[in-house]
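Colleague: Quick one: this structure, given as structure tokens, is what I'll be asking you about.
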There are 2 protein chains.
Amino acid sequence: MFGSYIRKLRKERGLSLRKLAEAVTVEPSYISKVERDLVAPPSEETIKRISEVLEHDADVLLAVGGKISSDLRQAIIKRPELFSRLIRVVNEAPEDLVVRILGEVQDGEW
Amino acid sequence: MFGSYIRKLRKERGLSLRKLAEAVTVEPSYISKVERDLVAPPSEETIKRISEVLEHDADVLLAVGGKISSDLRQAIIKRPELFSRLIRVVNEAPEDLVVRILGEVQDGEW
DNA sequence: TGTAGTGTGTATTACATAGTACACAAATGT
DNA sequence: ACATTTGTGTACTATGTAATACACACTACA
């Protein structure tokens, strides 16, 4: 999944596999294997560099690779009761509702 | 950190290291090393078993061990834009405010 | 004074993670 | 025709993760 996802992105950017590899500072053969899903998705750091080169949301790319950004992990780990509850509750709630809450929290309407 | 944390819990429960090890189905020497932080915290599965035996919140124990429950990870990974934003926004907000939001979302007051 | 239970030390292991290094073949450009 | 670029195949490696296995020494206790 991750492989085909970034291969498509790369082609849309008109970038060769080798150019991507160079920009990300990994071996071309590694990108080749990654794009065909012959190996597991790269590390968090490498995925983040890929997201910059391909100009794609890092959180989404990490998620496609089955990972979570370490700053999110740290936030959760620092207040586990709060965030565990929050995530589980929100996960049950319909998305549009959550989006509305988010907007209001952000706008300081509380 | 994790080690001293569970050692304290275990003593409070009046449990011997070996009894804990047996209940968790790992080697006593392993628990010994874990409790003195000579090795990294156990796997998610093992921490969850420890949390049951010691009757302590699993999310908190996982967090002390630097981990996040896989069900939370899956929730985030399925809707990365939503949850990444949510976590970052909430992380900036004061806790009491977040707790109030949580309560209201739960109570279906939206 | 054994023997049962306590915690610990040392050595080892299986598997996963995250890649590198380098050679090769096909297509493209000039 | 030749050089360059493109993607790929094969082999190898270093580090981390998550433990096991077993022997040892100390304390309690009956």
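Letters A, B, ... go to the chains of the structure tokens in the order shown; residues in each chain start at 1; ligands are counted from 1 in the same order.
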Distance limit 10 Å, atoms considered: only C-alpha atoms (C1' of nucleotides). Which chain A residues sit that close to chain C? Return them as a list in words.
Modeller: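 Applying the cut-off to the listed atoms yields Val26, Glu27, Ser29, Tyr30, Val39, Ala40, Pro41, Pro42, Ser43 and Thr46 of chain A.
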Colleague: Tell me as a list in words which residues belonging to chain D come within 8 Å of chain A, counting only C-alpha atoms (C1' of nucleotides).
Modeller: DT6, DG7 and DT8 of chain D
Colleague: Could you work out which residues of chain A fall inside 12 Å of chain B? Count only C-alpha atoms, and format the result as a ChimeraX atom specification.
Modeller: /A:57-110
Colleague: Would you export the selected residues with N, CA and C atoms as a compact mmCIF listing (two decimals), in the first residue's frame, please?
Modeller:
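Heads up, here's the output in result-v2.txt:
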```
# COMPACT_ATOMS: atom_id res chain seq x y z
N ASP A 57 1.26 15.84 2.82
CA ASP A 57 1.07 15.87 4.28
C ASP A 57 1.80 14.72 4.99
N ALA A 58 2.68 15.09 5.92
CA ALA A 58 3.51 14.09 6.59
C ALA A 58 2.68 13.14 7.45
N ASP A 59 1.68 13.67 8.15
CA ASP A 59 0.86 12.81 9.02
C ASP A 59 0.13 11.75 8.20
N VAL A 60 -0.33 12.15 7.03
CA VAL A 60 -1.04 11.21 6.16
C VAL A 60 -0.08 10.14 5.63
N LEU A 61 1.08 10.60 5.18
CA LEU A 61 2.05 9.66 4.63
C LEU A 61 2.52 8.67 5.71
N LEU A 62 2.76 9.19 6.90
CA LEU A 62 3.12 8.32 8.02
C LEU A 62 2.02 7.31 8.29
N ALA A 63 0.79 7.77 8.26
CA ALA A 63 -0.35 6.88 8.52
C ALA A 63 -0.43 5.78 7.48
N VAL A 64 -0.22 6.16 6.22
CA VAL A 64 -0.23 5.15 5.15
C VAL A 64 0.86 4.11 5.41
N GLY A 65 1.96 4.60 5.99
CA GLY A 65 3.05 3.69 6.35
C GLY A 65 2.85 3.02 7.70
N GLY A 66 1.68 3.21 8.30
CA GLY A 66 1.36 2.55 9.57
C GLY A 66 2.03 3.18 10.78
N LYS A 67 2.47 4.44 10.65
CA LYS A 67 3.18 5.06 11.76
C LYS A 67 2.49 6.34 12.23
N ILE A 68 2.94 6.81 13.38
CA ILE A 68 2.42 8.04 13.96
C ILE A 68 3.59 8.94 14.29
N SER A 69 3.46 10.20 13.98
CA SER A 69 4.52 11.17 14.24
C SER A 69 4.89 11.17 15.72
N SER A 70 6.18 11.27 16.00
CA SER A 70 6.63 11.14 17.38
C SER A 70 6.13 12.30 18.26
N ASP A 71 5.87 13.45 17.69
CA ASP A 71 5.36 14.54 18.52
C ASP A 71 3.94 14.22 19.01
N LEU A 72 3.16 13.53 18.19
CA LEU A 72 1.82 13.10 18.62
C LEU A 72 1.95 12.04 19.72
N ARG A 73 2.87 11.11 19.48
CA ARG A 73 3.11 10.07 20.49
C ARG A 73 3.48 10.69 21.82
N GLN A 74 4.38 11.66 21.78
CA GLN A 74 4.81 12.29 23.03
C GLN A 74 3.66 13.00 23.73
N ALA A 75 2.82 13.66 22.96
CA ALA A 75 1.67 14.35 23.55
C ALA A 75 0.78 13.35 24.29
N ILE A 76 0.52 12.23 23.65
CA ILE A 76 -0.35 11.20 24.25
C ILE A 76 0.30 10.62 25.50
N ILE A 77 1.59 10.35 25.41
CA ILE A 77 2.29 9.70 26.50
C ILE A 77 2.40 10.62 27.73
N LYS A 78 2.40 11.92 27.48
CA LYS A 78 2.50 12.84 28.63
C LYS A 78 1.19 12.97 29.40
N ARG A 79 0.08 12.75 28.69
CA ARG A 79 -1.24 12.81 29.36
C ARG A 79 -2.10 11.66 28.88
N PRO A 80 -1.71 10.46 29.25
CA PRO A 80 -2.34 9.25 28.69
C PRO A 80 -3.82 9.10 29.04
N GLU A 81 -4.21 9.46 30.26
CA GLU A 81 -5.62 9.30 30.61
C GLU A 81 -6.48 10.19 29.72
N LEU A 82 -6.06 11.45 29.68
CA LEU A 82 -6.79 12.43 28.88
C LEU A 82 -6.90 12.01 27.42
N PHE A 83 -5.76 11.75 26.80
CA PHE A 83 -5.78 11.49 25.35
C PHE A 83 -6.38 10.13 25.00
N SER A 84 -6.18 9.15 25.84
CA SER A 84 -6.77 7.84 25.55
C SER A 84 -8.28 7.96 25.53
N ARG A 85 -8.80 8.63 26.55
CA ARG A 85 -10.26 8.85 26.60
C ARG A 85 -10.72 9.63 25.39
N LEU A 86 -10.03 10.74 25.14
CA LEU A 86 -10.41 11.61 24.03
C LEU A 86 -10.46 10.84 22.71
N ILE A 87 -9.41 10.11 22.41
CA ILE A 87 -9.35 9.39 21.13
C ILE A 87 -10.45 8.35 21.03
N ARG A 88 -10.69 7.63 22.12
CA ARG A 88 -11.73 6.59 22.07
C ARG A 88 -13.12 7.19 21.91
N VAL A 89 -13.35 8.28 22.62
CA VAL A 89 -14.67 8.93 22.52
C VAL A 89 -14.89 9.48 21.12
N VAL A 90 -13.88 10.19 20.63
CA VAL A 90 -13.99 10.79 19.30
C VAL A 90 -14.14 9.71 18.23
N ASN A 91 -13.48 8.61 18.45
CA ASN A 91 -13.53 7.52 17.46
C ASN A 91 -14.94 6.99 17.29
N GLU A 92 -15.77 7.13 18.32
CA GLU A 92 -17.16 6.66 18.26
C GLU A 92 -18.09 7.73 17.69
N ALA A 93 -17.63 8.97 17.77
CA ALA A 93 -18.49 10.07 17.33
C ALA A 93 -18.42 10.25 15.82
N PRO A 94 -19.51 10.71 15.20
CA PRO A 94 -19.51 10.97 13.76
C PRO A 94 -18.53 12.10 13.42
N GLU A 95 -17.90 11.95 12.28
CA GLU A 95 -16.82 12.86 11.92
C GLU A 95 -17.22 14.33 11.85
N ASP A 96 -18.38 14.61 11.29
CA ASP A 96 -18.78 16.02 11.11
C ASP A 96 -18.89 16.73 12.46
N LEU A 97 -19.36 15.98 13.44
CA LEU A 97 -19.47 16.53 14.78
C LEU A 97 -18.09 16.88 15.32
N VAL A 98 -17.17 15.98 15.13
CA VAL A 98 -15.81 16.18 15.62
C VAL A 98 -15.16 17.38 14.95
N VAL A 99 -15.39 17.49 13.66
CA VAL A 99 -14.82 18.61 12.92
C VAL A 99 -15.34 19.93 13.48
N ARG A 100 -16.61 19.94 13.85
CA ARG A 100 -17.20 21.16 14.38
C ARG A 100 -16.57 21.51 15.73
N ILE A 101 -16.41 20.50 16.56
CA ILE A 101 -15.77 20.71 17.85
C ILE A 101 -14.37 21.28 17.66
N LEU A 102 -13.64 20.64 16.79
CA LEU A 102 -12.28 21.06 16.49
C LEU A 102 -12.22 22.54 16.13
N GLY A 103 -13.08 22.91 15.21
CA GLY A 103 -13.11 24.29 14.76
C GLY A 103 -13.36 25.24 15.91
N GLU A 104 -14.28 24.88 16.76
CA GLU A 104 -14.64 25.77 17.85
C GLU A 104 -13.55 25.85 18.90
N VAL A 105 -12.90 24.75 19.15
CA VAL A 105 -11.80 24.77 20.10
C VAL A 105 -10.68 25.65 19.56
N GLN A 106 -10.42 25.48 18.28
CA GLN A 106 -9.36 26.26 17.64
C GLN A 106 -9.65 27.76 17.66
N ASP A 107 -10.93 28.08 17.42
CA ASP A 107 -11.31 29.49 17.35
C ASP A 107 -11.42 30.13 18.73
N GLY A 108 -11.13 29.37 19.75
CA GLY A 108 -11.18 29.92 21.10
C GLY A 108 -12.59 30.27 21.54
N GLU A 109 -13.55 29.54 21.01
CA GLU A 109 -14.94 29.82 21.38
C GLU A 109 -15.32 29.21 22.71
N TRP A 110 -14.32 28.70 23.36
CA TRP A 110 -14.59 28.11 24.68
C TRP A 110 -14.15 29.09 25.73
```
Colleague: Work out how far C1' of DT13 (chain D) is from CA of Arg36 (chain A), in Å to one decimal.
Modeller: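 Between CA of Arg36 (chain A) and C1' of DT13 (chain D) the gap works out to 22.2 Å.
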